[in-house]
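Source file my_file-v2.cif; content: mmCIF, N, CA and C atoms.
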```cif
data_run
loop_
_atom_site.label_atom_id
_atom_site.label_comp_id
_atom_site.auth_asym_id
_atom_site.auth_seq_id
_atom_site.Cartn_x
_atom_site.Cartn_y
_atom_site.Cartn_z
N MET A 8 203.61 49.48 63.32
CA MET A 8 202.24 49.89 63.36
C MET A 8 202.19 51.35 62.92
N SER A 9 201.22 51.69 62.10
CA SER A 9 201.03 53.08 61.72
C SER A 9 199.56 53.32 61.42
N ALA A 10 199.17 54.56 61.57
CA ALA A 10 197.79 54.94 61.27
C ALA A 10 197.80 55.66 59.93
N HIS A 11 196.87 55.33 59.10
CA HIS A 11 196.78 55.94 57.78
C HIS A 11 195.36 56.43 57.58
N THR A 12 195.23 57.69 57.24
CA THR A 12 193.92 58.26 57.01
C THR A 12 193.86 58.81 55.60
N GLU A 13 192.91 58.35 54.82
CA GLU A 13 192.69 58.87 53.47
C GLU A 13 191.28 59.40 53.41
N LEU A 14 191.14 60.52 52.75
CA LEU A 14 189.81 61.06 52.52
C LEU A 14 189.24 60.35 51.31
N PRO A 15 187.98 59.92 51.35
CA PRO A 15 187.40 59.18 50.23
C PRO A 15 187.34 60.03 48.97
N GLN A 16 187.62 59.40 47.84
CA GLN A 16 187.54 60.04 46.54
C GLN A 16 186.11 59.84 46.02
N ILE A 17 185.49 60.88 45.53
CA ILE A 17 184.09 60.81 45.10
C ILE A 17 183.88 59.76 44.03
N ASP A 18 184.75 59.73 43.01
CA ASP A 18 184.58 58.79 41.91
C ASP A 18 185.10 57.40 42.23
N ALA A 19 185.81 57.23 43.36
CA ALA A 19 186.43 55.95 43.68
C ALA A 19 185.55 55.06 44.55
N GLU A 20 184.38 55.51 44.93
CA GLU A 20 183.56 54.74 45.87
C GLU A 20 182.82 53.61 45.18
N PRO A 21 183.14 52.37 45.54
CA PRO A 21 182.40 51.24 45.00
C PRO A 21 181.00 51.20 45.60
N ALA A 22 180.08 50.66 44.85
CA ALA A 22 178.70 50.58 45.32
C ALA A 22 178.63 49.81 46.64
N GLY A 23 177.96 50.38 47.63
CA GLY A 23 177.77 49.72 48.89
C GLY A 23 178.93 49.83 49.86
N SER A 24 179.96 50.57 49.50
CA SER A 24 181.12 50.68 50.39
C SER A 24 180.88 51.80 51.39
N CYS A 25 181.21 51.51 52.66
CA CYS A 25 181.02 52.50 53.71
C CYS A 25 182.18 53.47 53.81
N CYS A 26 183.32 53.16 53.20
CA CYS A 26 184.51 53.97 53.40
C CYS A 26 185.04 54.59 52.12
N GLY A 27 184.30 54.47 51.03
CA GLY A 27 184.79 55.03 49.78
C GLY A 27 185.90 54.20 49.17
N GLY A 28 186.13 53.00 49.70
CA GLY A 28 187.16 52.13 49.17
C GLY A 28 188.54 52.41 49.73
N ALA A 29 188.69 53.45 50.55
CA ALA A 29 190.00 53.84 51.07
C ALA A 29 190.65 52.74 51.90
N CYS A 30 189.85 51.93 52.59
CA CYS A 30 190.44 50.91 53.45
C CYS A 30 190.76 49.63 52.69
N HIS A 31 190.51 49.60 51.40
CA HIS A 31 190.71 48.39 50.62
C HIS A 31 191.98 48.43 49.79
N SER A 32 192.84 49.41 50.03
CA SER A 32 194.05 49.56 49.25
C SER A 32 195.20 49.92 50.16
N ASP A 33 196.39 49.40 49.86
CA ASP A 33 197.57 49.73 50.64
C ASP A 33 198.36 50.87 50.02
N THR A 34 197.88 51.41 48.91
CA THR A 34 198.60 52.48 48.25
C THR A 34 197.84 53.78 48.37
N ALA A 35 198.59 54.88 48.44
CA ALA A 35 197.97 56.20 48.51
C ALA A 35 197.40 56.53 47.14
N PRO A 36 196.32 57.32 47.10
CA PRO A 36 195.74 57.67 45.81
C PRO A 36 196.71 58.54 45.02
N ALA A 37 196.75 58.32 43.71
CA ALA A 37 197.59 59.15 42.85
C ALA A 37 196.85 60.46 42.61
N THR A 38 197.38 61.53 43.16
CA THR A 38 196.76 62.83 43.04
C THR A 38 197.69 63.71 42.24
N GLU A 39 197.24 64.13 41.07
CA GLU A 39 198.07 64.95 40.19
C GLU A 39 198.43 66.26 40.88
N GLY A 40 199.69 66.58 40.90
CA GLY A 40 200.15 67.83 41.51
C GLY A 40 200.20 67.79 43.02
N ALA A 41 200.07 66.61 43.62
CA ALA A 41 200.06 66.50 45.08
C ALA A 41 201.44 66.81 45.65
N VAL A 42 201.43 67.31 46.88
CA VAL A 42 202.64 67.63 47.62
C VAL A 42 202.74 66.67 48.80
N THR A 43 203.91 66.06 48.99
CA THR A 43 204.13 65.18 50.12
C THR A 43 205.10 65.84 51.08
N ALA A 44 204.72 65.89 52.35
CA ALA A 44 205.59 66.46 53.38
C ALA A 44 205.70 65.46 54.52
N VAL A 45 206.89 65.38 55.11
CA VAL A 45 207.12 64.49 56.25
C VAL A 45 207.48 65.36 57.45
N TYR A 46 206.79 65.10 58.56
CA TYR A 46 207.00 65.86 59.79
C TYR A 46 207.46 64.92 60.89
N GLU A 47 208.19 65.46 61.85
CA GLU A 47 208.55 64.70 63.04
C GLU A 47 207.66 65.16 64.18
N VAL A 48 207.02 64.20 64.84
CA VAL A 48 206.11 64.50 65.95
C VAL A 48 206.63 63.78 67.19
N LYS A 49 206.74 64.51 68.26
CA LYS A 49 207.25 63.97 69.53
C LYS A 49 206.08 63.53 70.42
N GLY A 50 206.23 62.34 71.02
CA GLY A 50 205.25 61.88 72.00
C GLY A 50 204.36 60.74 71.57
N MET A 51 204.36 60.37 70.28
CA MET A 51 203.53 59.25 69.83
C MET A 51 204.17 57.94 70.29
N THR A 52 203.37 57.08 70.93
CA THR A 52 203.91 55.81 71.42
C THR A 52 203.10 54.58 70.98
N CYS A 53 201.92 54.79 70.39
CA CYS A 53 201.07 53.64 70.07
C CYS A 53 200.11 53.98 68.93
N GLY A 54 199.30 53.01 68.57
CA GLY A 54 198.32 53.20 67.51
C GLY A 54 197.30 54.28 67.82
N HIS A 55 196.91 54.40 69.08
CA HIS A 55 195.97 55.45 69.46
C HIS A 55 196.58 56.82 69.19
N CYS A 56 197.85 56.98 69.53
CA CYS A 56 198.56 58.24 69.29
C CYS A 56 198.59 58.55 67.79
N GLU A 57 198.93 57.54 67.00
CA GLU A 57 198.98 57.70 65.55
C GLU A 57 197.63 58.16 65.00
N GLY A 58 196.57 57.51 65.47
CA GLY A 58 195.23 57.86 65.01
C GLY A 58 194.82 59.26 65.39
N ALA A 59 195.19 59.68 66.60
CA ALA A 59 194.84 61.03 67.05
C ALA A 59 195.53 62.09 66.20
N VAL A 60 196.82 61.90 65.94
CA VAL A 60 197.58 62.85 65.13
C VAL A 60 197.07 62.85 63.69
N ALA A 61 196.91 61.67 63.11
CA ALA A 61 196.43 61.56 61.73
C ALA A 61 195.04 62.17 61.59
N GLY A 62 194.18 61.93 62.56
CA GLY A 62 192.82 62.47 62.51
C GLY A 62 192.78 63.98 62.52
N GLU A 63 193.58 64.60 63.36
CA GLU A 63 193.60 66.07 63.43
C GLU A 63 194.18 66.67 62.16
N ILE A 64 195.28 66.12 61.67
CA ILE A 64 195.91 66.68 60.46
C ILE A 64 195.01 66.48 59.25
N SER A 65 194.29 65.36 59.19
CA SER A 65 193.43 65.09 58.03
C SER A 65 192.29 66.09 57.90
N GLU A 66 191.99 66.82 58.97
CA GLU A 66 190.93 67.83 58.92
C GLU A 66 191.38 69.14 58.29
N LEU A 67 192.68 69.31 58.04
CA LEU A 67 193.17 70.53 57.41
C LEU A 67 192.75 70.56 55.95
N ASP A 68 192.42 71.75 55.44
CA ASP A 68 192.01 71.91 54.05
C ASP A 68 193.09 71.42 53.09
N GLY A 69 192.68 70.64 52.11
CA GLY A 69 193.58 70.19 51.06
C GLY A 69 194.30 68.89 51.34
N VAL A 70 194.16 68.34 52.54
CA VAL A 70 194.87 67.10 52.88
C VAL A 70 194.16 65.91 52.24
N ALA A 71 194.94 65.10 51.50
CA ALA A 71 194.40 63.92 50.83
C ALA A 71 194.63 62.66 51.67
N SER A 72 195.79 62.56 52.33
CA SER A 72 196.06 61.39 53.17
C SER A 72 197.12 61.73 54.21
N VAL A 73 197.08 60.97 55.32
CA VAL A 73 198.03 61.14 56.41
C VAL A 73 198.43 59.75 56.89
N THR A 74 199.73 59.52 57.06
CA THR A 74 200.22 58.28 57.63
C THR A 74 201.13 58.65 58.80
N ALA A 75 200.79 58.17 59.99
CA ALA A 75 201.58 58.45 61.19
C ALA A 75 202.19 57.15 61.69
N ALA A 76 203.47 57.19 62.07
CA ALA A 76 204.17 56.01 62.57
C ALA A 76 204.83 56.34 63.91
N ALA A 77 204.29 55.79 64.98
CA ALA A 77 204.82 56.05 66.32
C ALA A 77 206.26 55.56 66.47
N ALA A 78 206.59 54.45 65.83
CA ALA A 78 207.93 53.87 65.95
C ALA A 78 209.03 54.82 65.50
N THR A 79 208.72 55.65 64.50
CA THR A 79 209.72 56.58 63.97
C THR A 79 209.44 58.03 64.35
N GLY A 80 208.21 58.30 64.80
CA GLY A 80 207.82 59.68 65.08
C GLY A 80 207.54 60.48 63.83
N ARG A 81 207.42 59.79 62.70
CA ARG A 81 207.23 60.47 61.42
C ARG A 81 205.76 60.47 61.01
N VAL A 82 205.33 61.59 60.44
CA VAL A 82 203.98 61.72 59.91
C VAL A 82 204.11 62.20 58.47
N THR A 83 203.59 61.42 57.53
CA THR A 83 203.65 61.76 56.11
C THR A 83 202.29 62.27 55.68
N VAL A 84 202.29 63.45 55.08
CA VAL A 84 201.05 64.10 54.68
C VAL A 84 201.09 64.37 53.18
N VAL A 85 200.04 63.94 52.48
CA VAL A 85 199.88 64.24 51.06
C VAL A 85 198.75 65.25 50.96
N SER A 86 199.03 66.37 50.28
CA SER A 86 198.03 67.44 50.18
C SER A 86 198.04 68.04 48.78
N ALA A 87 196.98 68.76 48.47
CA ALA A 87 196.84 69.38 47.16
C ALA A 87 197.85 70.50 46.96
N ALA A 88 198.25 71.16 48.03
CA ALA A 88 199.20 72.27 47.99
C ALA A 88 200.01 72.23 49.28
N PRO A 89 201.15 72.90 49.31
CA PRO A 89 201.93 72.91 50.56
C PRO A 89 201.08 73.44 51.72
N LEU A 90 201.23 72.80 52.88
CA LEU A 90 200.48 73.20 54.07
C LEU A 90 201.26 74.23 54.86
N ASP A 91 200.54 75.10 55.53
CA ASP A 91 201.13 76.06 56.44
C ASP A 91 201.62 75.29 57.66
N GLU A 92 202.91 75.37 57.98
CA GLU A 92 203.45 74.59 59.09
C GLU A 92 202.79 74.96 60.42
N GLU A 93 202.39 76.21 60.58
CA GLU A 93 201.72 76.60 61.82
C GLU A 93 200.37 75.91 61.96
N ALA A 94 199.66 75.69 60.85
CA ALA A 94 198.38 74.97 60.89
C ALA A 94 198.61 73.51 61.27
N VAL A 95 199.68 72.91 60.74
CA VAL A 95 200.02 71.53 61.10
C VAL A 95 200.39 71.47 62.57
N ARG A 96 201.16 72.45 63.04
CA ARG A 96 201.56 72.50 64.46
C ARG A 96 200.32 72.57 65.37
N GLU A 97 199.36 73.41 65.00
CA GLU A 97 198.14 73.54 65.80
C GLU A 97 197.35 72.24 65.82
N ALA A 98 197.29 71.54 64.68
CA ALA A 98 196.57 70.27 64.61
C ALA A 98 197.24 69.22 65.51
N VAL A 99 198.57 69.16 65.46
CA VAL A 99 199.31 68.21 66.29
C VAL A 99 199.14 68.56 67.77
N ASP A 100 199.20 69.86 68.09
CA ASP A 100 198.97 70.30 69.47
C ASP A 100 197.57 69.90 69.94
N GLU A 101 196.58 70.06 69.08
CA GLU A 101 195.20 69.72 69.43
C GLU A 101 195.08 68.23 69.75
N ALA A 102 195.89 67.41 69.07
CA ALA A 102 195.88 65.97 69.34
C ALA A 102 196.63 65.63 70.63
N GLY A 103 197.40 66.60 71.16
CA GLY A 103 198.11 66.38 72.41
C GLY A 103 199.57 66.01 72.26
N TYR A 104 200.15 66.32 71.10
CA TYR A 104 201.54 65.96 70.83
C TYR A 104 202.30 67.20 70.37
N GLU A 105 203.60 67.04 70.14
CA GLU A 105 204.46 68.18 69.79
C GLU A 105 205.06 68.01 68.40
N LEU A 106 204.84 68.99 67.54
CA LEU A 106 205.47 68.99 66.22
C LEU A 106 206.89 69.50 66.38
N VAL A 107 207.87 68.65 66.04
CA VAL A 107 209.27 69.05 66.11
C VAL A 107 209.59 69.89 64.89
N GLY A 108 209.10 69.46 63.73
CA GLY A 108 209.32 70.22 62.49
C GLY A 108 209.23 69.32 61.29
N ARG A 109 209.50 69.90 60.16
CA ARG A 109 209.47 69.17 58.89
C ARG A 109 210.80 68.47 58.71
N VAL A 110 210.75 67.25 58.22
CA VAL A 110 211.96 66.45 58.02
C VAL A 110 212.49 66.70 56.63
#
```
Rewritten as structure tokens:
Amino acid sequence: MSAHTELPQIDAEPAGSCCGGACHSDTAPATEGAVTAVYEVKGMTCGHCEGAVAGEISELDGVASVTAAAATGRVTVVSAAPLDEEAVREAVDEAGYELVGRV
């Protein structure tokens, strides 16, 4: 089980879609020049945990998508530019979990 959060793409929204089409695909959007970072987060045990962590990190500027997996403790973030690790740490703390570090 994992939580995946994608921000809707303006040009990708099909007519009448409430989510910008993000929930209709199993693949992350191809973003030119995107940076992917994987973090280890301590304390996630279920889908609710995954959603809380993914939701907080997705609010950071430049984040295109977040996938959190409680089973592994890994959170994969795709962003337009490298993220400040302290900002990621604060987002994870806000969700109630502990950022161990970048993998």
What does the distance from CA of Glu63 (chain A) to CA of Ala102 (chain A) come to in Å, to one decimal? 6.3 Å
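For the residues A:Gly108, A:Gly103, A:Gly54, A:Gly40, ranking by smallest atom-to-atom distance to Ala76 (chain A) using all atoms listed in the file places A:Gly54 first.
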Atomic separation - CA of Thr79 (chain A) relative to atom C of Glu66 (chain A), Å: 22.9 Å
So which one's closest to Val42 (chain A), A:Ala94, A:Glu105, A:Ala87, A:Val110? Using only N, CA and C atoms, please. A:Ala87
Polymer residues at most 9 Å from Pro89 (chain A), only C-alpha atoms, same-chain spacing of 4 or more positions, as a PDB file with N, CA and C atoms, in the frame of the given file:
```pdb
ATOM      1  N   ALA A  41     200.070  66.610  43.620  1.00  0.00           N
ATOM      2  CA  ALA A  41     200.060  66.500  45.080  1.00  0.00           C
ATOM      3  C   ALA A  41     201.440  66.810  45.650  1.00  0.00           C
ATOM      4  N   VAL A  42     201.430  67.310  46.880  1.00  0.00           N
ATOM      5  CA  VAL A  42     202.640  67.630  47.620  1.00  0.00           C
ATOM      6  C   VAL A  42     202.740  66.670  48.800  1.00  0.00           C
ATOM      7  N   THR A  43     203.910  66.060  48.990  1.00  0.00           N
ATOM      8  CA  THR A  43     204.130  65.180  50.120  1.00  0.00           C
ATOM      9  C   THR A  43     205.100  65.840  51.080  1.00  0.00           C
ATOM     10  N   ALA A  44     204.720  65.890  52.350  1.00  0.00           N
ATOM     11  CA  ALA A  44     205.590  66.460  53.380  1.00  0.00           C
ATOM     12  C   ALA A  44     205.700  65.460  54.520  1.00  0.00           C
ATOM     13  N   GLY A  69     192.680  70.640  52.110  1.00  0.00           N
ATOM     14  CA  GLY A  69     193.580  70.190  51.060  1.00  0.00           C
ATOM     15  C   GLY A  69     194.300  68.890  51.340  1.00  0.00           C
ATOM     16  N   VAL A  85     200.040  63.940  52.480  1.00  0.00           N
ATOM     17  CA  VAL A  85     199.880  64.240  51.060  1.00  0.00           C
ATOM     18  C   VAL A  85     198.750  65.250  50.960  1.00  0.00           C
TER      19      VAL A  85
END
```
